[in-house]
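A.B. asks: My structure is in target-v2.txt, and what it holds is compact mmCIF, C-alpha atoms:
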```txt
# COMPACT_ATOMS: atom_id res chain seq x y z
CA MET A 1 145.92 38.91 125.33
CA SER A 2 147.19 36.60 122.62
CA ASP A 3 147.13 32.81 122.69
CA GLU A 4 150.05 30.41 122.68
CA SER A 5 150.53 30.99 118.95
CA GLY A 6 151.31 34.65 119.63
CA LEU A 7 148.40 35.84 117.49
CA SER A 8 145.92 38.44 118.75
CA TYR A 9 142.26 38.61 117.72
CA PHE A 10 142.55 42.36 117.10
CA ASP A 11 145.88 42.19 115.31
CA LEU A 12 144.34 39.68 112.91
CA GLN A 13 141.38 41.98 112.29
CA ALA A 14 143.75 44.84 111.52
CA TYR A 15 145.80 42.71 109.13
CA ILE A 16 142.78 41.31 107.28
CA GLY A 17 141.09 44.73 107.22
CA THR A 18 137.82 43.91 108.92
CA THR A 19 135.76 45.13 111.84
CA LYS A 20 133.51 42.63 113.62
CA HIS A 21 130.49 43.79 115.61
CA MET A 22 127.93 41.40 117.03
CA GLY A 23 124.66 41.47 115.12
CA GLY A 24 126.15 42.59 111.83
CA PHE A 25 125.30 45.79 110.00
CA GLU A 26 121.59 45.37 110.77
CA THR A 27 122.30 45.88 114.47
CA THR A 28 124.59 48.84 113.83
CA GLN A 29 121.80 50.45 111.80
CA ARG A 30 119.39 49.86 114.67
CA LEU A 31 121.80 51.58 117.04
CA ILE A 32 122.13 54.55 114.67
CA ASP A 33 118.35 54.87 114.51
CA LEU A 34 117.95 54.69 118.29
CA CYS A 35 120.45 57.54 118.64
CA HIS A 36 118.51 59.72 116.16
CA VAL A 37 121.41 60.49 113.84
CA GLY A 38 120.60 63.10 111.17
CA GLN A 39 122.34 65.45 108.76
CA ASP A 40 123.19 68.01 111.43
CA THR A 41 124.46 65.43 113.94
CA HIS A 42 128.10 65.48 115.01
CA VAL A 43 129.02 61.85 115.71
CA LEU A 44 131.96 60.23 117.48
CA ASP A 45 132.65 56.58 116.62
CA VAL A 46 134.77 55.10 119.42
CA GLY A 47 136.66 52.04 118.26
CA CYS A 48 136.12 52.87 114.60
CA GLY A 49 138.10 49.89 113.31
CA VAL A 50 138.47 50.13 109.52
CA GLY A 51 136.11 53.12 109.36
CA ALA A 52 133.13 51.35 107.80
CA THR A 53 130.51 52.82 110.14
CA ALA A 54 132.01 56.31 110.16
CA CYS A 55 132.14 56.50 106.36
CA TYR A 56 128.64 55.07 106.06
CA LEU A 57 127.30 57.76 108.38
CA ALA A 58 128.98 60.51 106.37
CA LYS A 59 127.64 59.19 103.05
CA ALA A 60 124.16 58.10 104.10
CA TYR A 61 123.34 60.97 106.48
CA GLY A 62 125.66 63.77 105.39
CA CYS A 63 126.79 64.32 108.97
CA ARG A 64 130.22 65.08 110.43
CA VAL A 65 131.99 62.14 112.06
CA ALA A 66 135.10 61.69 114.16
CA GLY A 67 136.52 58.20 114.59
CA VAL A 68 139.09 56.96 117.09
CA ASP A 69 140.81 53.62 117.47
CA LEU A 70 143.58 52.32 119.68
CA ARG A 71 145.53 50.87 116.73
CA ALA A 72 147.31 53.14 114.25
CA SER A 73 146.91 50.45 111.57
CA MET A 74 143.12 50.67 111.90
CA VAL A 75 143.22 54.47 111.68
CA ALA A 76 145.30 54.22 108.50
CA LEU A 77 142.75 51.83 106.97
CA SER A 78 139.94 54.20 108.00
CA GLU A 79 141.62 57.18 106.34
CA GLU A 80 142.16 55.15 103.18
CA ARG A 81 138.47 54.18 103.17
CA ALA A 82 137.37 57.79 103.63
CA ARG A 83 139.40 58.81 100.58
CA ARG A 84 137.92 55.98 98.50
CA GLU A 85 134.42 56.90 99.62
CA GLY A 86 134.97 60.60 98.95
CA VAL A 87 134.07 61.67 102.51
CA GLU A 88 137.49 62.76 103.76
CA GLU A 89 136.17 66.30 104.31
CA GLN A 90 133.42 65.02 106.64
CA VAL A 91 135.33 62.36 108.58
CA GLN A 92 138.46 62.66 110.67
CA PHE A 93 140.27 59.78 112.39
CA ARG A 94 142.88 59.65 115.11
CA VAL A 95 144.55 57.19 117.45
CA ALA A 96 143.04 57.34 120.93
CA ASP A 97 142.11 55.25 123.95
CA ALA A 98 138.41 54.98 124.87
CA GLN A 99 139.42 55.52 128.49
CA ASP A 100 141.05 58.88 127.72
CA LEU A 101 139.38 60.53 124.74
CA PRO A 102 141.28 63.51 123.26
CA PHE A 103 138.27 65.82 123.13
CA GLY A 104 136.86 68.53 125.32
CA GLU A 105 133.59 68.18 127.17
CA ALA A 106 130.23 68.21 125.39
CA GLN A 107 131.53 68.16 121.80
CA PHE A 108 129.31 65.51 120.17
CA ASP A 109 125.59 65.04 119.65
CA VAL A 110 125.95 61.25 119.43
CA VAL A 111 128.70 58.94 120.64
CA LEU A 112 128.71 55.36 119.34
CA CYS A 113 130.79 52.55 120.79
CA GLU A 114 130.56 48.99 119.43
CA SER A 115 132.46 46.03 120.84
CA VAL A 116 134.98 48.21 122.66
CA ALA A 117 134.09 48.50 126.35
CA THR A 118 133.71 44.71 126.43
CA PHE A 119 137.49 44.39 126.18
CA VAL A 120 138.41 47.03 128.78
CA ALA A 121 138.83 46.27 132.47
CA ASP A 122 137.58 49.67 133.68
CA LYS A 123 134.24 49.81 131.87
CA ALA A 124 133.02 52.57 134.18
CA GLN A 125 135.87 54.83 132.99
CA VAL A 126 134.92 54.21 129.35
CA ALA A 127 131.30 55.10 130.15
CA ARG A 128 132.36 58.29 131.93
CA GLU A 129 134.47 59.34 128.93
CA LEU A 130 131.64 58.65 126.47
CA ALA A 131 129.27 60.72 128.60
CA ARG A 132 131.81 63.50 129.15
CA VAL A 133 132.28 64.27 125.45
CA THR A 134 128.52 64.12 124.74
CA ARG A 135 126.49 67.32 124.70
CA PRO A 136 123.66 67.68 127.24
CA GLY A 137 120.61 65.98 125.75
CA GLY A 138 122.77 64.01 123.32
CA TYR A 139 122.85 60.24 122.94
CA VAL A 140 125.36 57.57 123.86
CA GLY A 141 124.85 54.23 122.11
CA LEU A 142 126.70 50.98 122.77
CA ASN A 143 126.65 47.54 121.19
CA GLU A 144 128.44 45.26 123.64
CA GLU A 145 128.68 41.60 124.50
CA ILE A 146 126.84 40.27 127.54
CA TRP A 147 126.25 37.09 129.47
CA LEU A 148 122.58 36.25 128.96
CA GLN A 149 122.72 34.11 132.08
CA SER A 150 125.02 34.54 135.02
CA PRO A 151 127.22 32.98 136.14
CA PRO A 152 128.29 31.24 132.92
CA PRO A 153 130.17 27.92 133.08
CA ALA A 154 133.92 28.29 133.56
CA GLU A 155 134.66 26.62 130.21
CA LEU A 156 132.65 29.31 128.37
CA ILE A 157 134.55 32.09 130.12
CA ALA A 158 137.81 30.41 129.13
CA PHE A 159 136.65 30.06 125.52
CA ALA A 160 135.71 33.76 125.31
CA ARG A 161 139.11 34.75 126.67
CA ARG A 162 140.99 32.47 124.31
CA THR A 163 138.93 33.21 121.19
CA TRP A 164 138.03 36.89 121.44
CA ASP A 165 140.66 38.18 123.88
CA ILE A 166 138.00 39.03 126.46
CA GLU A 167 140.24 39.03 129.49
CA HIS A 168 137.97 40.88 131.91
CA ASP A 169 134.65 40.21 133.56
CA LEU A 170 131.66 40.61 131.28
CA PRO A 171 128.52 42.23 132.76
CA THR A 172 124.94 41.19 132.28
CA ALA A 173 122.59 43.65 130.54
CA GLU A 174 121.55 44.96 133.96
CA GLY A 175 125.19 45.48 134.86
CA TRP A 176 125.84 47.53 131.71
CA VAL A 177 122.77 49.69 132.40
CA ALA A 178 124.00 50.42 135.92
CA ILE A 179 127.44 51.44 134.59
CA LEU A 180 125.88 53.87 132.11
CA GLU A 181 123.52 55.38 134.67
CA GLU A 182 126.39 55.92 137.10
CA ALA A 183 128.23 57.76 134.31
CA GLY A 184 125.45 60.36 134.20
CA LEU A 185 123.17 59.01 131.48
CA ARG A 186 119.39 58.89 131.85
CA GLU A 187 116.58 57.02 130.13
CA VAL A 188 118.99 54.12 129.54
CA THR A 189 117.40 51.33 127.52
CA ALA A 190 118.69 47.85 126.71
CA GLN A 191 117.75 45.57 123.82
CA THR A 192 119.24 42.10 124.23
CA TYR A 193 119.93 39.64 121.42
CA LYS A 194 120.90 36.02 121.02
CA PHE A 195 123.20 34.96 118.21
CA GLU A 196 121.33 34.57 114.91
CA ALA A 197 123.13 33.54 111.72
CA ARG A 198 120.87 35.60 109.45
CA ARG A 199 121.53 38.78 111.40
CA GLU A 200 125.26 38.10 111.60
CA SER A 201 125.36 37.68 107.81
CA THR A 202 124.39 41.35 107.39
CA GLN A 203 128.00 42.06 108.38
CA LEU A 204 128.68 41.87 104.64
CA LYS A 205 126.66 45.05 104.07
CA ARG A 206 129.44 47.07 105.70
CA TYR A 207 131.75 46.42 102.80
CA HIS A 208 132.03 46.80 99.06
CA PRO A 209 132.84 43.75 96.88
CA ALA A 210 136.44 44.97 96.56
CA ASP A 211 136.73 45.01 100.35
CA MET A 212 135.47 41.44 100.56
CA LEU A 213 137.90 40.23 97.90
CA ARG A 214 140.78 41.91 99.71
CA MET A 215 139.80 40.31 103.04
CA VAL A 216 139.39 36.85 101.52
CA TYR A 217 142.73 37.15 99.73
CA ARG A 218 144.59 38.25 102.86
CA THR A 219 142.99 35.48 104.92
CA LEU A 220 143.92 32.79 102.40
CA VAL A 221 147.48 34.05 102.06
CA LEU A 222 147.89 34.15 105.84
CA TYR A 223 146.44 30.65 106.16
CA MET A 224 148.86 29.25 103.58
CA ARG A 225 151.94 31.03 104.93
CA SER A 226 151.45 30.95 108.68
CA ALA A 227 151.42 27.77 110.75
CA ASP A 228 150.50 29.93 113.75
CA PHE A 229 147.38 31.17 111.97
CA ARG A 230 146.36 27.63 111.01
CA ALA A 231 146.75 26.57 114.63
CA TYR A 232 144.82 29.64 115.75
CA MET A 233 141.89 28.80 113.47
CA LYS A 234 141.92 25.10 114.34
CA GLY A 235 141.58 25.94 118.02
CA ARG A 236 138.43 27.94 117.25
CA TYR A 237 136.78 25.56 114.83
CA ARG A 238 134.43 23.96 117.36
CA LEU A 239 132.20 26.07 119.58
CA PRO A 240 131.53 24.85 123.12
CA LYS A 241 128.15 23.24 123.68
CA GLY A 242 125.58 25.70 125.00
CA LEU A 243 127.67 28.78 124.19
CA PHE A 244 124.81 30.79 122.69
CA GLU A 245 122.51 30.05 125.60
CA TYR A 246 124.85 32.19 127.67
CA TRP A 247 126.66 34.40 125.17
CA GLY A 248 124.83 37.33 123.58
CA TYR A 249 124.95 41.06 123.06
CA ALA A 250 122.81 44.11 123.64
CA LEU A 251 122.22 47.65 122.44
CA PHE A 252 122.33 50.27 125.18
CA VAL A 253 121.20 53.85 124.58
CA GLY A 254 121.12 56.68 127.09
CA ARG A 255 120.90 60.46 127.04
CA LYS A 256 123.28 62.92 128.64
CA ARG A 257 121.59 64.79 131.44
CA GLU A 258 120.77 68.41 130.81
CA LYS A 259 122.66 70.93 132.86
CA GLU A 260 121.02 72.09 136.04
CA ALA A 261 119.28 75.44 135.63
```
In structure tokens, write the structure found in this file.
C.D. replies:
Amino acid sequence: MSDESGLSYFDLQAYIGTTKHMGGFETTQRLIDLCHVGQDTHVLDVGCGVGATACYLAKAYGCRVAGVDLRASMVALSEERARREGVEEQVQFRVADAQDLPFGEAQFDVVLCESVATFVADKAQVARELARVTRPGGYVGLNEEIWLQSPPPAELIAFARRTWDIEHDLPTAEGWVAILEEAGLREVTAQTYKFEARRESTQLKRYHPADMLRMVYRTLVLYMRSADFRAYMKGRYRLPKGLFEYWGYALFVGRKREKEA
């Protein structure tokens, strides 16, 4: 969905060259730890965005990583990042839909998915695909938006749709857990979070100074040149009262069931 200006939240991210996950890099690191990523782990990053997490995993852990994203522009930015980081031999990227992953069954030790299933109508299909490509005993980890209280006021639902292109119903933490269990995962845990400015600021740790300069430059140029972008930003300047009493996010981690003997 795009608003009346014709601008899309995800198209803007692709143009600016950023990937936004709730909770910043600190929360991504927590998800990585919960999924027990190590040097010998084969990881799939679903919705890899600009490749920041995938390249970090390759450099920090020495593991192999595959990244997929629905937008070819994001995949191109990810490949460029991998070359700059010197991890192009460890990381491969391709265009793919989270609802139809182009991999055979049981290929990955860990599958990560951050701020992806939130935007898909058929969340159960995404969960089934994540579980399908995970090896028995492997981990599936999600970082997804939730309603902390349900039902939320109608004006908050409208704001989320207009601001973040969240067109479809958003589950509670309990709803997400049920979806993952139905997909064949066990020992599913949920850690819920409210918005916290300090934690969100760790988003900067995903990027090098050159990345930040490039993003700031592109944002400023777009703001100066595009009336649509100025209108887009103006419409998102004020947050609705009580938003963060209802709006939050959670980490979900489950293990793929072992095959029956």
A.B. asks: Can you measure atom CA of A:Tyr207 to atom CA of A:Phe93 for me? One decimal in Å is fine.
C.D. replies: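 Taking atom CA of A:Tyr207 and atom CA of A:Phe93, their separation equals 18.5 Å.
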A.B. asks: Within 9 Å of stretch 96-100 of chain A, counting only C-alpha atoms, which residues show up once you throw out same-chain ones fewer than 4 positions away? Write them as a PyMOL selection string, please.
C.D. replies: chain A and resi 46-47+68-72+113+116-117+120+122-123+125-130
A.B. asks: Could you tell me how far atom CA of A:Val75 lies from atom CA of A:Arg94, in Å and to one decimal?
C.D. replies: 6.2 Å
A.B. asks: Identify which of the residues A:Asn143, A:Ala197, A:Val37, A:Leu243 lies closest to A:Ala54, counting only C-alpha atoms when measuring atom-to-atom distances.
C.D. replies: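 Of A:Asn143, A:Ala197, A:Val37, A:Leu243, the one nearest A:Ala54 is A:Val37, counting only C-alpha atoms.
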A.B. asks: Nearest to A:Gly254 among A:Leu44, A:Ile166, A:Val177, A:Met22, with distances taken over all atoms listed in the file: which residue is it?
C.D. replies: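 Residue with the minimum atom-to-atom distance to A:Gly254: A:Val177.
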A.B. asks: Generate the coordinates of N, CA and C atoms for stretch 50-76 of chain A; report them as a compact mmCIF listing (two decimals), in the coordinates of the input.
C.D. replies:
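The result, written out as rebuild28.txt:
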```
# COMPACT_ATOMS: atom_id res chain seq x y z
N VAL A 50 138.05 49.76 110.88
CA VAL A 50 138.47 50.13 109.52
C VAL A 50 137.64 51.27 108.95
N GLY A 51 136.83 51.92 109.78
CA GLY A 51 136.11 53.12 109.36
C GLY A 51 134.82 52.88 108.60
N ALA A 52 134.32 51.65 108.59
CA ALA A 52 133.13 51.35 107.80
C ALA A 52 131.91 52.12 108.29
N THR A 53 131.68 52.12 109.60
CA THR A 53 130.51 52.82 110.14
C THR A 53 130.63 54.33 109.97
N ALA A 54 131.81 54.86 110.27
CA ALA A 54 132.01 56.31 110.16
C ALA A 54 131.77 56.80 108.74
N CYS A 55 132.31 56.09 107.77
CA CYS A 55 132.14 56.50 106.36
C CYS A 55 130.70 56.31 105.90
N TYR A 56 130.06 55.27 106.38
CA TYR A 56 128.64 55.07 106.06
C TYR A 56 127.80 56.23 106.58
N LEU A 57 128.05 56.65 107.80
CA LEU A 57 127.30 57.76 108.38
C LEU A 57 127.48 59.03 107.56
N ALA A 58 128.72 59.30 107.16
CA ALA A 58 128.98 60.51 106.37
C ALA A 58 128.26 60.46 105.03
N LYS A 59 128.26 59.31 104.37
CA LYS A 59 127.64 59.19 103.05
C LYS A 59 126.12 59.13 103.13
N ALA A 60 125.61 58.34 104.05
CA ALA A 60 124.16 58.10 104.10
C ALA A 60 123.40 59.25 104.76
N TYR A 61 124.04 59.94 105.72
CA TYR A 61 123.34 60.97 106.48
C TYR A 61 123.89 62.37 106.22
N GLY A 62 125.07 62.46 105.65
CA GLY A 62 125.66 63.77 105.39
C GLY A 62 126.17 64.46 106.63
N CYS A 63 126.38 63.70 107.71
CA CYS A 63 126.79 64.32 108.97
C CYS A 63 128.32 64.32 109.11
N ARG A 64 128.79 65.07 110.10
CA ARG A 64 130.22 65.08 110.43
C ARG A 64 130.50 63.95 111.41
N VAL A 65 131.65 63.29 111.22
CA VAL A 65 131.99 62.14 112.06
C VAL A 65 133.46 62.20 112.44
N ALA A 66 133.73 61.92 113.70
CA ALA A 66 135.10 61.69 114.16
C ALA A 66 135.20 60.22 114.57
N GLY A 67 136.31 59.59 114.22
CA GLY A 67 136.52 58.20 114.59
C GLY A 67 137.84 58.04 115.32
N VAL A 68 137.84 57.23 116.37
CA VAL A 68 139.09 56.96 117.09
C VAL A 68 139.26 55.45 117.24
N ASP A 69 140.50 55.02 117.24
CA ASP A 69 140.81 53.62 117.47
C ASP A 69 142.17 53.53 118.15
N LEU A 70 142.35 52.48 118.92
CA LEU A 70 143.58 52.32 119.68
C LEU A 70 144.76 51.95 118.78
N ARG A 71 144.47 51.36 117.62
CA ARG A 71 145.53 50.87 116.73
C ARG A 71 145.74 51.83 115.55
N ALA A 72 146.99 52.24 115.36
CA ALA A 72 147.31 53.14 114.25
C ALA A 72 147.03 52.48 112.91
N SER A 73 147.19 51.15 112.83
CA SER A 73 146.91 50.45 111.57
C SER A 73 145.45 50.56 111.19
N MET A 74 144.55 50.52 112.17
CA MET A 74 143.12 50.67 111.90
C MET A 74 142.81 52.09 111.44
N VAL A 75 143.44 53.08 112.07
CA VAL A 75 143.22 54.47 111.68
C VAL A 75 143.69 54.69 110.24
N ALA A 76 144.81 54.09 109.87
CA ALA A 76 145.30 54.22 108.50
C ALA A 76 144.32 53.61 107.51
```
